[in-house]
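Colleague: Below you'll find the structure I mean.
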Amino acid sequence: MKDSIAARYWRTNLKIMAVLLLIWAVASFGLGIIGAPALNEIRLGGFPLGFWFAQQGSIIVFVLLIAVYAALMNRVDDRHHRELQEERNGGAGK
Amino acid sequence: MSVSAWTYLFVGLSFSLYLGIAWRSRVRDTRGFFVAGRGVPAMANGMATAADWMSAASFISMAGLISMMGYSGGVYLMGWTGGYVLLALLLAPYLRKFGKFTVPDFIGDRYDSDLARVVAVLCAVFISFVYVAGQMRGVGVVFSRFLEVDINVGVFIGMAIVFVYATLGGMKGITWTQVAQYWVLITAFLVPAIAISIRLTGHPLPQVGMGAELLDSASGGGVYLLDKLNQVHADLGFASYTDAFASQRWNRLNVGLTALALMVGTAGLPHVLVRFYTVKNVKAARWSAFWALFFISMLYLTAPATAAFARYYMIDSLQGQSRQELPAWFESWEQTGLIAWFDDGDNRLRYSAGDDNEVFRSGSMAAARMQALATSHQRWLDGAGGEDVRPELREAGLSGPDRDIIVLATPEMAGLSAWIIALMAAGGLAAALSTASGLLLVVSSSVAHDLYYRIINPQASEARRLAVGRATIGLAVVVAGIFGIYPPGFVAEVVAFAFGLAAASFFPALVMGIFSRRVGTVPAVSGMVVGIGFTAAYIIGNRFFGMPAWCFGISAQAIGSVGMLLNFAAALLLVPFCKPPGPTVQRLIDRIREPEGSSPGGALSPS
């Protein structure tokens with residue numbers, strides 16, 4: 001029983017990680033590097049967009065990604081903590 | 001007050017602050033000495049990590065590098081920040097949950113092998129010394145540029161300060177001084193950037209100003225700064241500032257792999273990793289990774305703006321001027337050899353990418369030789385013998401100003417007063433000292449904890465371990481100082497090496513250790529040996545023995561990415577043939593992944 005709670009927690013963790021790492025790769029390698037020449041045709045005010053992603057946008061995305069990760073995972077941790085508590089209480093015959 | 005009076009004042013004030021903090025945070029046990037008693041709040045740890053991470057090179061050289069490279073400079077920006085995403089998602093929470101003292105600790109316990117531990121110790125010590133040599137030199141350089149004292153005297157002063165606060169307070173002293181150092185360095189970096197942004201574009205936010213229109217109507221008002229810069233570059237024969245992959249050296253493959261190597265290397269650098277052992281629990285470790293990148297991004301989002309402003313302003317204010325019309329900052333930096341003008345006889349300065357370029361730097365050329373060239377050139381100009389020395393300087397690769405001038409001269413370019421220039425000196429010192437102290441602690445903990453306590457003398461008492469820790473950090477400061485005074489001529493090369501090595505050794509070993517239950521001792525150690533061996537051989541061969549970049553033309557800076565992939569590949573290929581880790585290690589993995597309950601390191605992690 002305890003194993004399934006731990007396993008569920010780990011699966012949630014891996015899922016969140018995979019999505020965030022995908023965004024990480026798209027923002028830096030996708031938009032900032034591979035797609036930069038094409039994006040440079042588009043302008044954001046005075047910035048060519050590919051250049052902006054390489055020198056500004058990717059960094060902003062990185063900061064946001066870690067913030068989202070910390071907020072999400074700490075909530076998943078809390079839920080995990082509650083589930084463990086409930087199981088412990090259940091196990092004590094309540 | 002003069003610049004040097006202000007400089008003495010600021011440097012004196014900031015140094016007394018660091019020493020005061022050191023005195024208040026002295027420690028009595030190894031927990032305090034190696035991991036600051038695990039009581040550092042997430043936000044403070046974020047600031048300390050930021051100062052730890054941003055070195056003299058980030059502070060003084062990075063903006064200049066970007067300003068010379070244009071778009072390609074983005075590899076450093078993305079590489080040195082993107083690594084924190086990997087760190088936050090893949091490593092920091094788990095290392096905190098593991099909860100011992102060092103990175104080799106984790107590798108040794110997880111792979112249940114003293115061999116793995118020793119390999120990790122050697123990597124950690126090597127990486128740290130490579131890095132610290134540059135920092136101590138940086139301290140000396142800042143002292144000599146701003147205070148006109150001998151470089152070696154500057155190194156001695158830096159050594160003395162680090163010695164006091166590192167031996168007294170260990171990680172705790174280092175953490176709280178780094179928090180103070182963060183504010184000193186970020187203020188020093190932001191104030192000139194904001195001032196030059198307002199001056200050129202009228203926008204107080206450099207990140208906005210960089211994409212805005214220029215104010216000055218005489219030199220192209222109403223035109224976007226970056227467009228103007230591209231146009232100026234095109235006129236002078238330089239590669240476009242904003243176009244991607246404008247040069248052969250920075251093609252798509254090398255840009256991508258260099259960024260990846262820097263990211264993975266960042267996530268594998270031991271002095272950054274150990275900072276996550278110092279917070280209270282797993283949750284704090286996650287938030288502290290966020291705060292770290294947040295505080296780092298303050299500098300990293302501003303540096304590209306400073307780079308573009310200074311690049312434009314430098315060209316605009318120098319091009320076509322006569323000796324009498326040149327701005328005052330030119331002359332003051334000309335004396336340092338960071339920029340030099342060898343005229344072709346028309347008394348009009350010309351800076352270009354072609355053979356008619358007249359702007360050079362002294363670089364690594366000896367001062368006496370540079371002086372002789374200048375004299376000869378002057379005689380040639382006067383028609384009294386001598387010769388045009390520009391071809392020789394061009395051959396020596398010394399065309400264009402030194403990149404460090406971009407940051408160092410920004411306050412003067414923006415017309416700021418003397419005290420801001422002095423603040424830059426304090427900021428540069430803060431950046432160098434904070435990084436140096438973090439690295440020295442890694443050396444000390446690797447030797448005193450991993451080598452002495454875990455392998456040589458596991459019965460050592462607490463007091464004895466603390467004494468050994470203090471002694472090794474003291475010794476490490478002295479060794480670092482010697483490196484600063486007699487710098488190995490290849491510092492720039494070995495820094496690429498440090499990142500490559502961290503990428504090819506620690507990162508795969510840590511990730512597999514956390515995310516795989518199947519990888520045991522033999523695959524992990526083989527992976528590390530393959531990764532390190534390949535990376536080391538490629539970099540040494542390429543940089544020192546003229547070996548061509550045979551691996552798809554990948555540069556030495558980017559090869560760490562390949563080394564990392566080889567490490568993963570070698571380890572995972574061996575997994576089916578080796579037995580999986582035993583029950584003790586399986587329990588360790590369970591406990592690292594599980595945020596609740598006691599940590600494998602013994603300390604309780606309150607939820």
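Residues in the structure tokens are named by chain (A, B, ... in the order shown) and by number from 1 within that chain; ligands are numbered from 1 in the order shown.
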Identify every residue of chain B that has at least one atom within 6 Å of any atom of chain A, counting only C-alpha atoms, and report the result as a list in words.

Modeller: Gly74, Gly211, Ala212, Tyr224, Thr242, Ala244, Arg286, Trp287, Phe290, Phe294 and Leu301 of chain B

Colleague: To one decimal place in Å, what is the distance between atom CA of Ala571 of chain B and atom CA of Ile127 of chain B?

Modeller: 22.5 Å

Colleague: Calculated over only C-alpha atoms, which of the candidates B:Gly32, B:Gly500, B:Gly222, B:Gly474 has the smallest distance to Val279 of chain B?

Modeller: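 Under the stated criterion, the closest residue is B:Gly32.
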
Colleague: For a test of reading the model, state the distance in Å between atom CA of Leu273 of chain B and atom CA of Leu475 of chain B, rounded to one decimal.

Modeller: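 Going from atom CA of Leu273 of chain B over to atom CA of Leu475 of chain B, I get 22.6 Å.
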
Colleague: Determine which residues of segment 381-577 of chain B receive a DSSP assignment of alpha helix (DSSP H), computed from the backbone, and state them as a ChimeraX atom specification.

Modeller: /B:381,390-395,405-408,410-413,418-445,462-485,491-504,506-515,521-544,559-574

Colleague: Just how far from atom CA of Asp235 of chain B is atom CA of Gly354 of chain B, in Å to one decimal?

Modeller: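 So the answer is 10.8 Å.
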
Colleague: Determine the nearest neighbour of Trp250 of chain B from the options B:Gly70, B:Gly427, B:Pro204, B:Gly397, counting only C-alpha atoms.

Modeller: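 Using only C-alpha atoms, Trp250 of chain B sits closest to B:Gly70.
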
Colleague: Name the residues in contact with Arg311 of chain B at a cut-off of 9 Å, using only C-alpha atoms, excluding same-chain residues fewer than 2 positions from it; report them as a PyMOL selection string.

Modeller: chain B and resi 64+67-68+229+306-309+313-316+406

Colleague: I'd like the contact shell of segment 110-115 of chain B - 9 Å cut-off, only C-alpha atoms, skipping same-chain residues fewer than 5 positions apart - returned as number ranges by chain.

Modeller: B: 105, 120, 454-455, 513-514, 519-522, 524-525, 581, 585-586, 588-589
